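**Q** Shown below is the structure under consideration.
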Amino acid sequence: GKWVLLNFWASWCGPCRQETPDLQRLQARRLETLVVLGVNQQESRDKAAEFVEEYQLTYPIALDLSGEVSTAYRVGRGLPVSILVDPSGVIRELRIGRIDEGDLSVLEAEYLE
């Protein structure tokens with residue numbers, strides 16, 4: 001019943017690190033209507049846990065150890081990638097590269113208001 005923002009990332013990815021605080025703020029603002037779901041791309045549980053602790057993330061993180069989820073969503077090696085899925089499961093937006101507060105404001109106004 002909620003929107004989902006899938007965010008594919010890795011701890012070594014500079015733009016991923018830059019956008020993470022913005023995604024955390026978005027999740028805090030939209031608890032009732034949106035779930036940010038971070039998908040760590042092929043790193044160990046320990047690496048992902050260090051990242052979560054560093055950024056004090058409260059949204060869920062999935063581990064894509066084999067790359068199977070990334071392949072299913074056609075996410076290549078270019079990270080980050082964010083995919084907005086509506087409550088019925090339809091992909092509404094695909095963003096390749098860093099997503100910032102301005103981009104998130106546009107998505108909120110267009111889909112979440």
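Lettering and numbering for the structure tokens are positional, with chains as A, B, ... in the shown order, residues counted from 1 in each chain, and ligands counted from 1 in the shown order.
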If we count only C-alpha atoms, what is near region 90-105 of chain A at a cut-off of 7 Å, once residues fewer than 6 positions away on the same chain are taken out, given as a PyMOL selection string?

**A** chain A and resi 15-16+19+22+79-84

**Q** Restrict the selected residues to N, CA, C and O atoms and save them as a CSV table (one decimal), in the first residue's frame.

**A**
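Listing of selection_38.csv after writing:
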chain,number,residue,atom,x,y,z
A,15,PRO,N,29.0,9.0,-5.3
A,15,PRO,CA,27.6,9.6,-5.4
A,15,PRO,C,26.6,9.0,-4.5
A,15,PRO,O,25.7,9.6,-4.0
A,16,CYS,N,26.8,7.7,-4.2
A,16,CYS,CA,25.9,6.9,-3.3
A,16,CYS,C,26.0,7.6,-1.9
A,16,CYS,O,25.0,7.8,-1.2
A,19,GLU,N,24.2,11.0,-1.7
A,19,GLU,CA,22.8,11.0,-1.7
A,19,GLU,C,22.1,10.4,-0.5
A,19,GLU,O,21.0,10.6,-0.2
A,22,ASP,N,20.2,12.6,2.0
A,22,ASP,CA,18.9,13.1,1.4
A,22,ASP,C,17.9,12.0,1.4
A,22,ASP,O,16.7,12.2,1.7
A,79,LEU,N,26.4,3.2,-10.6
A,79,LEU,CA,25.7,3.5,-9.4
A,79,LEU,C,25.8,4.9,-9.0
A,79,LEU,O,26.7,5.6,-9.3
A,80,PRO,N,24.8,5.4,-8.3
A,80,PRO,CA,23.6,4.8,-7.8
A,80,PRO,C,22.5,4.8,-8.9
A,80,PRO,O,22.5,5.5,-9.8
A,81,VAL,N,21.5,3.9,-8.6
A,81,VAL,CA,20.3,3.9,-9.4
A,81,VAL,C,19.1,3.9,-8.5
A,81,VAL,O,19.1,3.1,-7.5
A,82,SER,N,18.1,4.8,-8.8
A,82,SER,CA,16.9,4.8,-7.9
A,82,SER,C,15.7,4.6,-8.8
A,82,SER,O,15.6,5.1,-9.9
A,83,ILE,N,14.8,3.7,-8.3
A,83,ILE,CA,13.6,3.3,-9.0
A,83,ILE,C,12.4,3.6,-8.1
A,83,ILE,O,12.3,3.0,-7.0
A,84,LEU,N,11.5,4.4,-8.6
A,84,LEU,CA,10.3,4.7,-7.8
A,84,LEU,C,9.1,3.7,-8.3
A,84,LEU,O,8.8,3.7,-9.5

**Q** Where does DSSP see alpha helix (DSSP H) in chain A, if you list the residues as a VMD selection string?

**A** chain A and resid 14 to 29 45 to 55 68 to 72 101 to 107

**Q** Got a sec: who's within 10 Å of region 23-31 of chain A, counting only C-alpha atoms, leaving out chain neighbours fewer than 4 positions off, as a list in words?

**A** Lys2, Trp3, Leu5, Asn7, Gln18, Glu19, Val35, Val36, Leu37, Gly38, Tyr55, Gln56, Leu57, Thr58, Tyr59, Ile99, Asp100, Glu101, Leu104, Ser105, Glu108 and Leu112 of chain A

**Q** Could you write out the selected residues, including N, CA and C atoms, as a PDB file, in the first residue's frame?

**A**
ATOM      1  N   LYS A   2       2.165   1.152  -0.046  1.00  0.00           N
ATOM      2  CA  LYS A   2       3.015   2.339  -0.044  1.00  0.00           C
ATOM      3  C   LYS A   2       3.831   2.418  -1.331  1.00  0.00           C
ATOM      4  N   TRP A   3       4.322   3.606  -1.622  1.00  0.00           N
ATOM      5  CA  TRP A   3       5.307   3.787  -2.671  1.00  0.00           C
ATOM      6  C   TRP A   3       6.612   3.201  -2.167  1.00  0.00           C
ATOM      7  N   LEU A   5      10.852   3.414  -2.967  1.00  0.00           N
ATOM      8  CA  LEU A   5      11.983   3.944  -3.701  1.00  0.00           C
ATOM      9  C   LEU A   5      13.139   2.971  -3.512  1.00  0.00           C
ATOM     10  N   ASN A   7      16.770   1.944  -4.009  1.00  0.00           N
ATOM     11  CA  ASN A   7      18.007   2.675  -4.241  1.00  0.00           C
ATOM     12  C   ASN A   7      19.162   1.680  -4.240  1.00  0.00           C
ATOM     13  N   GLN A  18      26.975  10.554  -1.197  1.00  0.00           N
ATOM     14  CA  GLN A  18      26.449  11.919  -1.208  1.00  0.00           C
ATOM     15  C   GLN A  18      24.928  11.948  -1.089  1.00  0.00           C
ATOM     16  N   GLU A  19      24.242  11.006  -1.716  1.00  0.00           N
ATOM     17  CA  GLU A  19      22.785  11.043  -1.725  1.00  0.00           C
ATOM     18  C   GLU A  19      22.145  10.399  -0.499  1.00  0.00           C
ATOM     19  N   VAL A  35       8.387   3.892   1.369  1.00  0.00           N
ATOM     20  CA  VAL A  35       9.480   3.125   1.964  1.00  0.00           C
ATOM     21  C   VAL A  35      10.685   3.282   1.047  1.00  0.00           C
ATOM     22  N   VAL A  36      11.766   3.814   1.597  1.00  0.00           N
ATOM     23  CA  VAL A  36      13.038   3.784   0.885  1.00  0.00           C
ATOM     24  C   VAL A  36      13.639   2.423   1.187  1.00  0.00           C
ATOM     25  N   LEU A  37      14.020   1.697   0.161  1.00  0.00           N
ATOM     26  CA  LEU A  37      14.636   0.387   0.328  1.00  0.00           C
ATOM     27  C   LEU A  37      15.994   0.418  -0.355  1.00  0.00           C
ATOM     28  N   GLY A  38      17.041   0.429   0.446  1.00  0.00           N
ATOM     29  CA  GLY A  38      18.388   0.414  -0.091  1.00  0.00           C
ATOM     30  C   GLY A  38      18.766  -0.997  -0.501  1.00  0.00           C
ATOM     31  N   TYR A  55      25.911   6.238   8.474  1.00  0.00           N
ATOM     32  CA  TYR A  55      24.878   7.200   8.094  1.00  0.00           C
ATOM     33  C   TYR A  55      23.634   7.134   8.980  1.00  0.00           C
ATOM     34  N   GLN A  56      23.668   6.273   9.981  1.00  0.00           N
ATOM     35  CA  GLN A  56      22.549   6.100  10.919  1.00  0.00           C
ATOM     36  C   GLN A  56      21.229   5.911  10.175  1.00  0.00           C
ATOM     37  N   LEU A  57      21.232   4.971   9.242  1.00  0.00           N
ATOM     38  CA  LEU A  57      20.060   4.735   8.397  1.00  0.00           C
ATOM     39  C   LEU A  57      18.966   4.010   9.177  1.00  0.00           C
ATOM     40  N   THR A  58      17.740   4.438   8.941  1.00  0.00           N
ATOM     41  CA  THR A  58      16.585   3.779   9.560  1.00  0.00           C
ATOM     42  C   THR A  58      15.746   3.036   8.532  1.00  0.00           C
ATOM     43  N   TYR A  59      16.027   3.245   7.251  1.00  0.00           N
ATOM     44  CA  TYR A  59      15.271   2.511   6.237  1.00  0.00           C
ATOM     45  C   TYR A  59      15.923   1.148   6.004  1.00  0.00           C
ATOM     46  N   ILE A  99      20.850  11.232  -6.853  1.00  0.00           N
ATOM     47  CA  ILE A  99      19.571  11.921  -6.705  1.00  0.00           C
ATOM     48  C   ILE A  99      19.739  12.880  -5.522  1.00  0.00           C
ATOM     49  N   ASP A 100      19.347  14.145  -5.694  1.00  0.00           N
ATOM     50  CA  ASP A 100      19.554  15.113  -4.622  1.00  0.00           C
ATOM     51  C   ASP A 100      18.221  15.635  -4.096  1.00  0.00           C
ATOM     52  N   GLU A 101      18.286  16.561  -3.147  1.00  0.00           N
ATOM     53  CA  GLU A 101      17.064  17.103  -2.528  1.00  0.00           C
ATOM     54  C   GLU A 101      16.114  17.684  -3.567  1.00  0.00           C
ATOM     55  N   LEU A 104      14.379  14.879  -5.331  1.00  0.00           N
ATOM     56  CA  LEU A 104      13.418  14.244  -4.423  1.00  0.00           C
ATOM     57  C   LEU A 104      12.187  15.126  -4.227  1.00  0.00           C
ATOM     58  N   SER A 105      12.372  16.439  -4.192  1.00  0.00           N
ATOM     59  CA  SER A 105      11.232  17.353  -4.077  1.00  0.00           C
ATOM     60  C   SER A 105      10.308  17.241  -5.282  1.00  0.00           C
ATOM     61  N   GLU A 108       8.419  13.995  -4.962  1.00  0.00           N
ATOM     62  CA  GLU A 108       7.376  14.146  -3.937  1.00  0.00           C
ATOM     63  C   GLU A 108       6.181  14.911  -4.477  1.00  0.00           C
ATOM     64  N   LEU A 112       3.819  11.944  -4.621  1.00  0.00           N
ATOM     65  CA  LEU A 112       3.507  11.630  -3.229  1.00  0.00           C
ATOM     66  C   LEU A 112       2.587  12.653  -2.557  1.00  0.00           C
TER      67      LEU A 112
END

**Q** Between A:Trp9, A:Glu32, A:Asn40, A:Tyr111, which is the closest to Asp86 (chain A) once you count only C-alpha atoms?

**A** A:Tyr111

**Q** For a test of reading the model, state the distance in Å between CA of Val85 (chain A) and CA of Asp64 (chain A), rounded to one decimal.

**A** 18.4 Å

**Q** Within chain A, find each residue whose DSSP state, derived from the backbone, is strand (DSSP E), and express the selection as number ranges by chain.

**A** A: 3-9, 34-41, 61-64, 81-85, 91-96

**Q** Those same residues - C-alpha atoms - I'd like them written as a CSV table (one decimal), in the first residue's frame.

**A**
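Final output, again.csv:
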chain,number,residue,atom,x,y,z
A,3,TRP,CA,5.3,3.8,-2.7
A,4,VAL,CA,8.8,2.2,-2.7
A,5,LEU,CA,12.0,3.9,-3.7
A,6,LEU,CA,14.5,1.2,-4.5
A,7,ASN,CA,18.0,2.7,-4.2
A,8,PHE,CA,20.9,0.5,-5.6
A,9,TRP,CA,24.2,1.5,-4.0
A,34,LEU,CA,6.9,5.7,1.2
A,35,VAL,CA,9.5,3.1,2.0
A,36,VAL,CA,13.0,3.8,0.9
A,37,LEU,CA,14.6,0.4,0.3
A,38,GLY,CA,18.4,0.4,-0.1
A,39,VAL,CA,19.8,-2.4,-2.2
A,40,ASN,CA,23.5,-3.0,-1.5
A,41,GLN,CA,25.1,-4.3,-4.7
A,61,ILE,CA,18.7,-2.4,3.5
A,62,ALA,CA,18.6,-5.6,1.3
A,63,LEU,CA,21.8,-7.4,0.3
A,64,ASP,CA,22.1,-8.4,-3.3
A,81,VAL,CA,20.3,3.9,-9.4
A,82,SER,CA,16.9,4.8,-7.9
A,83,ILE,CA,13.6,3.3,-9.0
A,84,LEU,CA,10.3,4.7,-7.8
A,85,VAL,CA,7.5,2.0,-7.7
A,91,ILE,CA,7.7,1.5,-12.0
A,92,ARG,CA,7.0,5.3,-12.3
A,93,GLU,CA,10.6,6.7,-12.4
A,94,LEU,CA,14.1,5.5,-13.0
A,95,ARG,CA,17.0,7.8,-12.1
A,96,ILE,CA,20.6,6.9,-12.9

**Q** Which value, in Å to one decimal, gives the distance between CA of Leu65 (chain A) and CA of Ser44 (chain A)?

**A**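 Distance between the two atoms: 7.2 Å.
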
**Q** Can you tell me how far CA of Ala72 (chain A) sits from CA of Cys13 (chain A), in Å to one decimal?

**A**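 Rounded to one decimal, the two atoms are 20.8 Å apart.
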
**Q** Looking at A:Glu113, A:Pro60, A:Thr71, A:Arg77, which one is nearest to Ala10 (chain A), with distances taken over only C-alpha atoms?

**A**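 For Ala10 (chain A), the nearest of the given residues is A:Arg77.
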
**Q** Which of these residues is nearest to Ser11 (chain A), using only C-alpha atoms: A:Val69, A:Val52, A:Leu107, A:Val75?

**A**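 Result for the nearest residue to Ser11 (chain A): A:Val52.
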
**Q** Pick out the closest residue to Glu54 (chain A) from this set: A:Gly89, A:Gly14, A:Pro21, A:Gly1. Count only C-alpha atoms.

**A**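 Among the listed residues, the smallest separation from Glu54 (chain A) belongs to A:Pro21.
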